[in-house]
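What follows is input19.txt (compact mmCIF, C-alpha atoms).
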# COMPACT_ATOMS: atom_id res chain seq x y z
CA MET A 269 138.68 92.03 112.94
CA TYR A 270 135.44 90.05 113.09
CA ASP A 271 136.54 88.08 116.16
CA ASN A 272 137.23 91.37 117.92
CA LEU A 273 133.83 92.72 116.89
CA ALA A 274 132.22 89.65 118.45
CA LYS A 275 134.10 90.21 121.72
CA LEU A 276 133.01 93.85 121.85
CA VAL A 277 129.37 92.88 121.32
CA ILE A 278 129.57 90.41 124.21
CA ASN A 279 131.09 93.14 126.40
CA TRP A 280 128.45 95.69 125.28
CA ASP A 281 131.22 98.10 124.26
CA LYS A 282 129.42 100.27 121.75
CA GLU A 283 132.11 102.93 121.40
CA ALA A 284 134.95 100.48 120.79
CA PHE A 285 132.72 98.50 118.41
CA LEU A 286 132.12 101.58 116.27
CA ASP A 287 135.80 102.55 116.43
CA LEU A 288 136.80 99.13 115.11
CA ILE A 289 134.34 99.42 112.22
CA LYS A 290 135.77 102.84 111.34
CA LYS A 291 139.29 101.42 111.51
CA GLY A 292 138.31 98.65 109.10
CA LEU A 293 136.82 101.15 106.67
CA SER A 294 139.96 103.30 106.85
CA GLU A 295 142.03 100.24 105.95
CA GLY A 296 139.94 99.61 102.85
CA VAL A 297 137.38 97.08 104.03
CA LYS A 298 134.05 97.74 102.29
CA ALA A 299 130.95 98.58 104.30
CA THR A 300 129.06 95.74 102.61
CA GLU A 301 131.78 93.28 103.63
CA ILE A 302 131.70 94.38 107.27
CA ALA A 303 127.93 94.05 107.27
CA ASN A 304 127.82 90.65 105.56
CA GLU A 305 130.87 89.03 107.17
CA GLY A 306 130.68 90.66 110.58
CA LEU A 307 127.38 92.17 111.67
CA LYS A 308 124.85 89.81 110.12
CA PRO A 309 126.46 86.64 111.51
CA LEU A 310 126.65 88.33 114.92
CA THR A 311 122.94 89.17 114.69
CA ARG A 312 122.15 85.52 114.12
CA ASP A 313 124.55 84.43 116.87
CA ILE A 314 123.07 86.59 119.63
CA PHE A 315 119.55 85.53 118.65
CA LYS A 316 120.63 81.89 118.87
CA LYS A 317 122.21 82.47 122.29
CA PHE A 318 119.00 84.11 123.52
CA LYS A 319 116.79 81.30 122.20
CA GLN A 320 119.02 78.71 123.89
CA ASN A 321 118.92 80.65 127.19
CA GLU A 322 122.65 81.32 127.12
CA ILE A 323 121.94 85.02 127.64
CA ILE A 324 119.01 86.76 129.34
CA PHE A 325 116.71 89.25 127.63
CA ALA A 326 118.48 92.27 129.13
CA GLU A 327 121.81 91.05 127.72
CA PHE A 328 120.17 90.42 124.35
CA LEU A 329 118.91 94.01 124.29
CA LEU A 330 122.34 95.42 125.17
CA MET A 331 124.11 93.32 122.54
CA ASN A 332 121.50 94.23 119.96
CA ASP A 333 121.97 97.91 120.78
CA VAL A 334 125.68 97.60 119.99
CA LEU A 335 124.93 95.88 116.69
CA GLN A 336 122.26 98.42 115.76
CA THR A 337 124.76 101.23 116.30
CA GLY A 338 127.16 99.61 113.85
CA MET A 339 124.45 98.83 111.34
CA SER A 340 123.08 102.38 111.44
CA PHE A 341 126.59 103.73 110.84
CA LEU A 342 127.20 101.46 107.83
CA LEU A 343 123.76 101.74 106.25
CA PRO A 344 124.20 105.12 104.48
CA MET A 345 127.43 103.86 102.86
CA ILE A 346 125.72 100.68 101.72
CA ARG A 347 122.82 102.62 100.26
CA ASP A 348 125.19 104.88 98.34
CA SER A 349 127.33 102.00 97.10
CA SER A 350 127.57 101.77 93.36
CA ILE A 351 126.90 98.05 93.69
CA ARG A 352 123.29 98.78 94.56
CA GLY A 353 120.83 99.09 91.74
CA LYS A 354 118.64 102.14 91.42
CA ASN A 355 115.37 100.20 91.40
CA ARG A 356 115.25 98.41 94.72
CA GLU A 357 112.58 95.91 95.69
CA LYS A 358 110.19 97.34 98.25
CA ILE A 359 109.15 95.40 101.34
CA VAL A 360 106.25 96.39 103.59
CA LEU A 361 107.01 95.60 107.22
CA GLY A 362 105.15 96.03 110.49
CA THR A 363 103.93 94.56 113.78
CA VAL A 364 100.29 93.51 113.62
CA GLU A 365 97.41 95.30 115.28
CA GLY A 366 97.24 94.71 119.02
CA ASP A 367 100.99 94.20 119.42
CA VAL A 368 103.30 97.09 120.36
CA HIS A 369 106.55 95.10 120.46
CA ASP A 370 108.91 96.04 117.64
CA ILE A 371 112.46 95.06 118.63
CA GLY A 372 112.53 92.04 116.32
CA LYS A 373 110.84 93.94 113.51
CA ASN A 374 113.41 96.72 113.77
CA ILE A 375 116.29 94.24 113.52
CA VAL A 376 114.70 92.72 110.43
CA LYS A 377 114.31 96.17 108.90
CA VAL A 378 118.00 97.01 109.26
CA VAL A 379 119.13 93.66 107.87
CA LEU A 380 116.79 94.02 104.88
CA GLU A 381 118.07 97.52 104.19
CA MET A 382 121.62 96.22 104.30
CA GLU A 383 120.59 93.61 101.75
CA GLY A 384 119.56 96.44 99.42
CA PHE A 385 115.79 96.35 99.94
CA GLU A 386 113.71 99.49 100.42
CA VAL A 387 111.64 98.94 103.56
CA ILE A 388 108.26 100.58 104.04
CA ASP A 389 108.14 100.42 107.84
CA LEU A 390 104.58 100.81 109.11
CA GLY A 391 105.67 100.55 112.74
CA LYS A 392 103.69 98.68 115.38
CA ASN A 393 99.99 98.05 116.09
CA VAL A 394 99.26 98.10 112.34
CA PRO A 395 95.73 97.30 111.06
CA VAL A 396 95.46 94.59 108.39
CA ARG A 397 94.07 96.94 105.75
CA LYS A 398 97.06 99.27 106.15
CA PHE A 399 99.48 96.49 105.15
CA ILE A 400 97.55 95.90 101.94
CA GLU A 401 97.17 99.58 101.13
CA ALA A 402 100.88 100.20 101.66
CA ALA A 403 101.82 97.29 99.41
CA GLU A 404 99.53 98.49 96.60
CA GLU A 405 100.58 102.14 96.91
CA ASN A 406 104.30 101.32 96.85
CA GLY A 407 104.28 98.42 94.42
CA ALA A 408 105.66 96.05 97.04
CA ARG A 409 105.55 92.32 96.29
CA ILE A 410 106.31 91.26 99.87
CA VAL A 411 104.52 92.02 103.14
CA GLY A 412 106.24 91.02 106.36
CA THR A 413 104.34 90.89 109.64
CA SER A 414 105.57 90.31 113.18
CA SER A 415 103.85 89.27 116.39
CA LEU A 416 105.16 88.57 119.87
CA MET A 417 101.73 87.98 121.39
CA THR A 418 99.57 84.92 120.74
CA PRO A 419 96.23 86.83 120.88
CA THR A 420 97.28 88.93 117.87
CA LEU A 421 98.05 85.96 115.60
CA CYS A 422 94.51 86.16 114.27
CA LYS A 423 95.52 89.38 112.50
CA MET A 424 98.08 87.50 110.41
CA GLU A 425 95.40 85.03 109.38
CA GLU A 426 93.05 87.92 108.64
CA LEU A 427 95.68 89.42 106.32
CA GLU A 428 95.83 86.20 104.31
CA LYS A 429 92.05 86.15 103.96
CA GLU A 430 91.92 89.81 102.91
CA LEU A 431 94.61 89.28 100.26
CA LYS A 432 92.62 86.37 98.84
CA ARG A 433 89.39 88.35 98.94
CA ALA A 434 91.05 91.19 97.03
CA GLU A 435 92.57 88.67 94.56
CA LEU A 436 96.05 89.85 95.52
CA LYS A 437 97.34 86.59 96.98
CA GLY A 438 100.23 85.48 94.80
CA LYS A 439 100.83 88.98 93.49
CA ILE A 440 101.67 89.99 97.05
CA ARG A 441 103.51 87.34 99.06
CA THR A 442 103.69 87.20 102.84
CA ILE A 443 106.28 86.30 105.43
CA VAL A 444 105.58 86.10 109.16
CA GLY A 445 107.84 86.09 112.19
CA GLY A 446 108.03 86.83 115.89
CA GLU A 447 108.11 84.88 119.12
CA ALA A 448 104.45 83.82 118.88
CA THR A 449 104.81 82.35 115.38
CA SER A 450 106.17 79.11 113.94
CA ALA A 451 106.64 77.38 110.60
CA GLU A 452 103.55 75.27 111.35
CA PHE A 453 101.47 78.35 112.08
CA ALA A 454 102.61 80.06 108.87
CA LYS A 455 101.61 77.00 106.82
CA GLU A 456 98.28 76.75 108.63
CA ILE A 457 97.20 80.31 107.78
CA GLY A 458 98.56 80.21 104.23
CA ALA A 459 101.53 82.56 104.62
CA ASP A 460 104.22 82.12 101.99
CA ALA A 461 107.13 81.94 104.43
CA TRP A 462 108.21 82.04 108.06
CA ALA A 463 111.52 83.20 109.49
CA GLU A 464 112.87 82.75 112.99
CA GLU A 465 115.32 85.67 112.83
CA ALA A 466 116.43 88.60 110.70
CA VAL A 467 119.12 87.05 108.50
CA GLU A 468 116.85 84.12 107.69
CA ALA A 469 114.04 86.57 106.86
CA ALA A 470 116.22 88.25 104.23
CA GLN A 471 117.06 84.86 102.69
CA LYS A 472 113.43 83.76 102.62
CA ILE A 473 112.34 87.04 101.01
CA ARG A 474 114.90 86.62 98.23
CA GLU A 475 113.55 83.13 97.63
CA LEU A 476 109.97 84.43 97.45
CA LEU A 477 110.94 87.10 94.92
CA LYS A 478 112.40 84.46 92.61
CA LYS A 479 109.08 82.60 92.42
Once more with this new file: its structure as structure tokens, please.
Amino acid sequence: MYDNLAKLVINWDKEAFLDLIKKGLSEGVKATEIANEGLKPLTRDIFKKFKQNEIIFAEFLLMNDVLQTGMSFLLPMIRDSSIRGKNREKIVLGTVEGDVHDIGKNIVKVVLEMEGFEVIDLGKNVPVRKFIEAAEENGARIVGTSSLMTPTLCKMEELEKELKRAELKGKIRTIVGGEATSAEFAKEIGADAWAEEAVEAAQKIRELLKK
């Protein structure tokens, strides 16, 4: 099943992709299993192909659209699964002020929701203060910020300074990502973690919550 899902993603066949997911569900495969064993590895795979220039950006967008369709279909079933606890960890997520690109952030959101997190999605072009206010209002212990544009990286650094100034650093942990970021940059500004892609972001967030 999962090999066939991969082929359909490569061929951008959204309808057949969704039909195969439905067939799997009808045969007793759990939504969480399809997400974890099929869709999340495919998310990582297409990101890797894009980073290594094996596919162009337009192809990446088309493949991602197929995956997002499947994820959106499975998400309500995963949310309603009895495996999920009632009190889910809340994650504040958004693209920093000055940046209106949100494709990567949206992928991260869906993967986090599939992992059982409740995502407070602030959208794009989000002021620093709004991240902090949303975290305090919702009791979120993690704030995730994204940036595709180098000129907006200063907003991520500003967030770290504001958290320290408000004596919230440590109580609220941060993870950064996006094309303009790197592990070195995250360490330089004092962020708690950096992730290159969505599946890694979910793993890093779980690690932060254990600290």
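For the atom pair formed by atom CA of Arg409 of chain A and atom CA of Ile440 of chain A, the distance is 4.6 Å, given to one decimal.
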Practice prompt. Record the distance separating atom CA of Glu468 of chain A and atom CA of Ala434 of chain A, expressed in Å with one decimal.
Written response: 28.8 Å
Discussion item. Under the rule that all atoms listed in the file are counted, which of A:Thr311, A:Thr442, A:Asn321, A:Thr449 is the nearest residue to Ala461 of chain A?
Written reply: A:Thr442
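In this comparison, which uses only C-alpha atoms, the residue of A:Glu430, A:Glu447, A:Val411, A:Glu456 approaching Ile473 of chain A most closely is A:Val411.
Across the model, the gap from atom CA of Leu335 of chain A to atom CA of Leu276 of chain A is 9.8 Å.
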Worksheet item: Leaving out Asn279 of chain A and any residue of its chain fewer than 6 positions from it, which residues lie within 12 Å of it when counting all atoms listed in the file, given as a PyMOL selection string?
Response: chain A and resi 272-273+285+327-328+330-335
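Minimum atom-to-atom distances from A:Ala402, A:Ala451, A:Val394, A:Leu342 to Leu293 of chain A were compared using all atoms listed in the file, and the lowest value belongs to A:Leu342.
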Worksheet item: Which neighbours of Leu361 of chain A fall inside 7 Å, counting all atoms listed in the file, when residues of the same chain fewer than 2 positions from it are skipped, and could you give them as an MDAnalysis selection string?
Response: chainID A and resid 359 387:390 411:413
Contact check, segment 399-461 of chain A to segment 368-372 of chain A, at most 9 Å, counting all atoms listed in the file, closest pairs as a Markdown table:
| residue | atom | partner | partner_atom | distance |
| --- | --- | --- | --- | --- |
| A:Ser414 | CA | A:Gly372 | CA | 7.8 |
| A:Ser415 | CA | A:His369 | CA | 7.6 |
| A:Leu416 | CA | A:His369 | CA | 6.7 |
| A:Met417 | CA | A:His369 | CA | 8.6 |
| A:Gly445 | CA | A:Gly372 | CA | 8.6 |
| A:Gly446 | CA | A:Gly372 | CA | 6.9 |
| A:Glu447 | CA | A:Gly372 | CA | 8.9 |
